[in-house]
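The structure appears below as structure tokens.
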Amino acid sequence: MRERFWETVKLKDMTQPEWEALCDGCGKCCLNKIEFEDTNEVAFTRLACKLLDGQSCLCSHYETRRDYVPDCVQLTPKTLPRIAYWLPQTCAYRRMYEKKPLPAWHHLLTGDRESIHRAGASVRGWTVPEFTVPEEDWEDYIIEETP
């Protein structure tokens, strides 16, 4: 990877390893969201995809996730403009798309993948498995997006 690539390389020009390295490992993209059609507002819930490992905050079957969750959103430079609004405000992909800097706790800045968890910016330890709650009750699990 190129040194400090996120500061100099456009998203569409990043190598696959650089693109993957942008992920901060927060797990927020794996939270179920409710999109209200009348306002286009996106509400995050505490309900996590069945593949999210609540301790590591990573997908337990990342490479084959679409085999288990066919509607899992695949984030690419091409899909990002359509779904950036749906990503958490702290997400490096969203921040890069919006021309904002990475958060101070991002592992590319700290050199430590645990810094996000110490900063309280991940979902570690507070998610509820989606399959334990009927979909009609998901609104009961809406949360304020964490910074």
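Just remember, in the structure tokens the first chain shown is A, the second B, etc., residues are 1-based per chain, and ligands are 1-based in the order shown.
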List the neighbours of Gly54 of chain A out to 10 Å using only C-alpha atoms; skip same-chain residues closer than 5 positions along the sequence, and give me the result as a compact mmCIF listing (two decimals) with C-alpha atoms, in the first residue's frame.
```
# COMPACT_ATOMS: atom_id res chain seq x y z
CA GLY A 27 -19.49 -2.93 12.56
CA ALA A 48 -27.00 -6.77 13.95
CA CYS A 49 -26.76 -8.95 10.88
CA CYS A 59 -18.28 -10.15 9.38
CA SER A 60 -17.80 -13.80 10.30
CA SER A 122 -17.69 0.59 17.37
CA VAL A 123 -20.64 -1.66 18.14
CA ARG A 124 -18.57 -3.98 20.32
CA GLY A 125 -20.66 -5.47 23.09
CA TRP A 126 -24.05 -3.81 22.54
CA THR A 127 -25.72 -5.39 19.53
CA VAL A 128 -28.72 -7.71 19.50
CA PRO A 129 -28.87 -10.52 16.91
```
Exercise for review: Looking only at strand (DSSP E) from DSSP on the backbone, list the matching residues of chain A as an MDAnalysis selection string.
Suggested key: chainID A and resid 31:36 41:48 52:53 58:59 128:129 142:143
Find the spatial neighbours of segment 90-101 of chain A, counting only C-alpha atoms, within a cut-off of 12 Å - ignore same-chain residues fewer than 3 positions away - and output them as a short mmCIF file (atom, residue, chain, number, x, y, z; two decimals) with C-alpha atoms, in the first residue's frame.
```cif
data_model
loop_
_atom_site.label_atom_id
_atom_site.label_comp_id
_atom_site.auth_asym_id
_atom_site.auth_seq_id
_atom_site.Cartn_x
_atom_site.Cartn_y
_atom_site.Cartn_z
CA ARG A 4 -0.98 7.76 3.56
CA PHE A 5 -2.86 6.76 0.38
CA TRP A 6 -6.19 7.98 1.81
CA GLU A 7 -4.90 11.55 1.61
CA THR A 8 -3.70 11.44 -2.00
CA VAL A 9 -5.53 8.70 -3.91
CA LYS A 10 -9.10 9.03 -5.17
CA LEU A 11 -11.45 6.30 -3.99
CA LYS A 12 -11.91 5.00 -7.52
CA MET A 14 -7.37 2.79 -4.83
CA GLU A 18 -6.12 0.09 0.01
CA TRP A 19 -9.91 0.09 -0.34
CA GLU A 20 -10.28 -2.69 2.22
CA ALA A 21 -7.84 -0.94 4.59
CA LEU A 22 -10.19 2.05 4.79
CA CYS A 23 -12.69 -0.04 6.75
CA ASP A 24 -12.33 0.93 10.40
CA GLY A 25 -14.00 -2.25 11.68
CA CYS A 26 -16.76 -0.45 13.58
CA GLY A 27 -19.49 -2.93 12.56
CA LYS A 28 -22.07 -0.17 12.13
CA CYS A 29 -22.67 -1.02 8.49
CA LEU A 75 -19.62 -1.26 -0.97
CA THR A 76 -17.48 -0.29 -3.95
CA PRO A 77 -16.35 3.02 -5.43
CA LYS A 78 -19.21 2.61 -7.92
CA THR A 79 -21.95 1.94 -5.32
CA LEU A 80 -20.72 4.47 -2.75
CA PRO A 81 -22.43 7.54 -4.26
CA ARG A 82 -25.83 5.78 -4.05
CA ILE A 83 -25.47 4.54 -0.49
CA ALA A 84 -23.14 6.99 1.30
CA TYR A 85 -26.14 8.51 3.14
CA TRP A 86 -26.87 5.07 4.58
CA LEU A 87 -23.42 4.65 6.12
CA ALA A 104 -8.44 10.50 15.05
CA TRP A 105 -9.05 6.93 16.30
CA HIS A 106 -8.87 5.36 12.81
CA HIS A 107 -6.33 2.53 12.64
CA LEU A 108 -4.64 4.06 9.58
CA LEU A 109 -3.70 7.01 11.81
CA ILE A 116 -11.73 2.35 17.48
CA ALA A 119 -12.74 5.30 21.55
CA GLY A 120 -16.22 3.77 21.88
CA ALA A 121 -16.83 4.21 18.14
CA SER A 122 -17.69 0.59 17.37
CA GLU A 145 -26.04 7.17 15.80
CA THR A 146 -22.91 7.22 17.90
CA PRO A 147 -20.13 9.67 16.96
#
```
Quiz item: Between A:Arg65, A:Asn32, A:Met1, A:Cys57, which one has atoms that come closest to Glu135 of chain A, using only C-alpha atoms?
Solution: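 Of A:Arg65, A:Asn32, A:Met1, A:Cys57, the one nearest Glu135 of chain A is A:Asn32, counting only C-alpha atoms.
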Can you tell me, as an mmCIF file with C-alpha atoms, in the first residue's frame, which residues in segment 81-127 of chain A count as alpha helix (DSSP H) by DSSP?
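The resulting states_31.cif:
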```
data_model
loop_
_atom_site.group_PDB
_atom_site.id
_atom_site.type_symbol
_atom_site.label_atom_id
_atom_site.label_comp_id
_atom_site.auth_asym_id
_atom_site.auth_seq_id
_atom_site.Cartn_x
_atom_site.Cartn_y
_atom_site.Cartn_z
ATOM 1 C CA PRO A 81 -22.433 7.541 -4.259
ATOM 2 C CA ARG A 82 -25.827 5.783 -4.054
ATOM 3 C CA ILE A 83 -25.465 4.539 -0.493
ATOM 4 C CA ALA A 92 -14.108 6.202 6.462
ATOM 5 C CA TYR A 93 -15.715 5.483 3.088
ATOM 6 C CA ARG A 94 -18.423 8.061 3.706
ATOM 7 C CA ARG A 95 -15.925 10.565 5.112
ATOM 8 C CA MET A 96 -13.614 10.160 2.099
ATOM 9 C CA TYR A 97 -16.591 10.516 -0.259
ATOM 10 C CA HIS A 107 -6.334 2.533 12.636
ATOM 11 C CA LEU A 108 -4.635 4.059 9.583
ATOM 12 C CA LEU A 109 -3.696 7.008 11.805
ATOM 13 C CA THR A 110 -3.042 5.169 15.072
ATOM 14 C CA SER A 115 -8.200 2.188 18.911
ATOM 15 C CA ILE A 116 -11.731 2.350 17.483
ATOM 16 C CA HIS A 117 -13.036 0.164 20.298
ATOM 17 C CA ARG A 118 -11.206 2.112 22.987
#
```
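In this model, the gap between atom CA of Phe36 of chain A and atom CA of Pro88 of chain A comes to 16.2 Å.
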